[in-house]
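Trainee: There's a structure below that I have some questions on.
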Amino acid sequence: MSLKGKQIGVAFTGSFCTYEKVFKELNALTKEGAAVQTIFSDAAQTLDSRFGKAEDFIRQAEEITGRKPMLTIPEAEPIGPKSLFDILVLFPCTGNTIAKLANGITDTPVLMAAKAHLRNNKPLLISISTNDALGMNMKNIGLLLNAKHIYFIPFGQDSPEKKPNSMIAHTELLIPSIEAALSGQQYQPIIQ
């Protein structure tokens with residue numbers, strides 16, 4: 001499947017340690033010819049970390065996509081009524097965002113984007129990055145695995161000895177995961 005001309009939303013949450021890989025894949029996505037619109041959560045757009053400054057990440061996203069990122073709930077709300085995207089990717093998706101999504105909480109631009117997008121019965125793709133995937137957040141991941149129109153980029157433990165509950169998506173599988181989700185399929189195997 002070609003992604004040329006596909007309208008793809010990419011929503012950033014605060015898993016800053018994954019941003020280097022995420023931006024690499026964002027570049028690959030635009031090279032495939034997709035029209036990409038980014039959305040930044042409150043944390044992603046305001047918190048600086050040892051991985052970089054928030055303003056630099058916002059600028060980098062705009063340079064790659066050629067579009068100003070959505071930064072507010074009012075900017076994200078029209079995603080649903082205007083049916084802006086063929087697919088929305090939460091890339092990366094923190095445990096906090098997973099928990100809120102699974103429980104219907106809509107208090108950030110990313111969560112509003114997800115809620116608005118899902119109302120159109122279009123695919124939502126999640127790239128998990130959480131230290132508690134095999135702990136408190138397992139129940140939320142389980143709920144989302146069974147939800148209609150929600151798919152996951154395959155994921156696995158990233159440091160079983162040091163962080164036994166931590167799991168992270170294989171971001172290099174973004175494009176095939178998008179292609180599968182657009183066809184109504186979960187890219188397999190989901191746990192790698």
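We label chains A, B, ... in the order they appear in the structure tokens, count residues from 1 in each chain, and number ligands from 1 in the order shown.
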Taking the DSSP secondary structure from the backbone, can you list the residues of region 4-192 of chain A that are alpha helix (DSSP H), as a VMD selection string?
Mentor: chain A and resid 19 to 31 42 to 46 54 to 65 73 to 76 95 to 102 109 to 118 138 to 145 174 to 182
Trainee: Limited to C-alpha atoms, could you put the picked residues into a file as a compact mmCIF listing (two decimals), in the first residue's frame?
Mentor:
```txt
# COMPACT_ATOMS: atom_id res chain seq x y z
CA TYR A 19 12.20 11.18 20.26
CA GLU A 20 15.38 10.48 18.32
CA LYS A 21 13.84 7.31 16.87
CA VAL A 22 10.43 8.95 16.45
CA PHE A 23 11.83 11.84 14.41
CA LYS A 24 13.76 9.40 12.21
CA GLU A 25 10.51 7.60 11.40
CA LEU A 26 8.64 10.89 10.96
CA ASN A 27 11.16 11.76 8.23
CA ALA A 28 10.60 8.36 6.59
CA LEU A 29 6.85 8.90 6.68
CA THR A 30 7.07 12.22 4.85
CA LYS A 31 9.45 10.68 2.30
CA ASP A 42 0.97 19.74 27.01
CA ALA A 43 4.03 17.95 28.41
CA ALA A 44 5.62 17.43 24.99
CA GLN A 45 5.35 21.13 24.13
CA THR A 46 6.44 22.62 27.46
CA ALA A 54 10.51 21.34 23.79
CA GLU A 55 10.74 24.33 21.45
CA ASP A 56 13.40 22.55 19.40
CA PHE A 57 11.19 19.46 19.01
CA ILE A 58 8.25 21.61 17.90
CA ARG A 59 10.45 23.41 15.37
CA GLN A 60 11.88 20.10 14.10
CA ALA A 61 8.37 18.69 13.60
CA GLU A 62 7.36 21.75 11.61
CA GLU A 63 10.49 21.57 9.45
CA ILE A 64 9.90 17.90 8.64
CA THR A 65 6.18 18.16 7.90
CA ILE A 73 -7.39 21.37 22.58
CA PRO A 74 -9.36 23.83 20.39
CA GLU A 75 -6.91 23.24 17.52
CA ALA A 76 -7.32 19.45 17.85
CA GLY A 95 1.54 5.25 30.12
CA ASN A 96 -0.25 8.36 31.37
CA THR A 97 -1.84 8.92 27.95
CA ILE A 98 -2.71 5.21 27.64
CA ALA A 99 -4.46 5.29 31.02
CA LYS A 100 -6.42 8.42 30.17
CA LEU A 101 -7.40 7.15 26.73
CA ALA A 102 -8.60 3.83 28.15
CA PRO A 109 -4.46 18.19 22.73
CA VAL A 110 -3.34 14.60 22.02
CA LEU A 111 -6.28 13.04 23.85
CA MET A 112 -8.70 15.42 22.15
CA ALA A 113 -7.16 14.46 18.80
CA ALA A 114 -7.65 10.75 19.62
CA LYS A 115 -11.25 11.21 20.76
CA ALA A 116 -12.11 13.40 17.77
CA HIS A 117 -10.46 10.99 15.32
CA LEU A 118 -12.08 7.84 16.74
CA MET A 138 -1.39 -3.56 31.77
CA LYS A 139 -5.14 -3.35 32.39
CA ASN A 140 -5.35 -0.18 30.27
CA ILE A 141 -3.32 -1.69 27.45
CA GLY A 142 -5.60 -4.73 27.59
CA LEU A 143 -8.69 -2.52 27.28
CA LEU A 144 -7.21 -0.73 24.26
CA LEU A 145 -6.12 -3.99 22.60
CA LEU A 174 5.77 2.42 11.98
CA ILE A 175 5.13 2.29 8.23
CA PRO A 176 4.09 -1.38 8.00
CA SER A 177 1.94 -0.90 11.13
CA ILE A 178 0.20 2.09 9.49
CA GLU A 179 -0.38 0.09 6.31
CA ALA A 180 -1.90 -2.78 8.28
CA ALA A 181 -4.12 -0.49 10.39
CA LEU A 182 -5.38 1.31 7.28
```
Trainee: List the spatial neighbours of Pro81 (chain A) as a list in words - criterion: any atom at most 9 Å away, only C-alpha atoms, same-chain residues fewer than 2 positions off excluded.
Mentor: Glu77, Pro78, Ile79, Ser83, Leu84, Ala116, His117, Arg119 and Asn120 of chain A
Trainee: Quick one: write out the picked residues with C-alpha atoms as a short mmCIF file (atom, residue, chain, number, x, y, z; two decimals), in the first residue's frame?
Mentor:
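Everything below was put into result_39.cif:
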```cif
data_model
loop_
_atom_site.label_atom_id
_atom_site.label_comp_id
_atom_site.auth_asym_id
_atom_site.auth_seq_id
_atom_site.Cartn_x
_atom_site.Cartn_y
_atom_site.Cartn_z
CA GLU A 77 -11.12 19.35 18.26
CA PRO A 78 -11.94 19.88 14.52
CA ILE A 79 -10.07 16.67 13.65
CA SER A 83 -12.44 14.20 9.31
CA LEU A 84 -8.88 15.47 8.87
CA ALA A 116 -12.11 13.40 17.77
CA HIS A 117 -10.46 10.99 15.32
CA ARG A 119 -15.57 9.29 16.33
CA ASN A 120 -15.09 8.75 12.58
#
```
Trainee: I need the residue nearest Lys4 (chain A) from this list: A:Ile105, A:Cys93, A:Leu47, A:Val36. Use only C-alpha atoms for the distance.
Mentor: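 Checking each of A:Ile105, A:Cys93, A:Leu47, A:Val36 against Lys4 (chain A), counting only C-alpha atoms, the winner is A:Val36.
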Trainee: Give the answer as one residue: which of A:Ile126, A:Ile39, A:Ile153, A:Val10 has the shortest atom-to-atom distance to Met70 (chain A), using only C-alpha atoms?
Mentor: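 Between A:Ile126, A:Ile39, A:Ile153, A:Val10, the residue approaching Met70 (chain A) most closely is A:Ile39.
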Trainee: Taking only C-alpha atoms into account, name the residue in A:Pro69, A:Gly14, A:Gly33, A:Gly104 that is nearest to Ser129 (chain A).
Mentor: A:Gly14
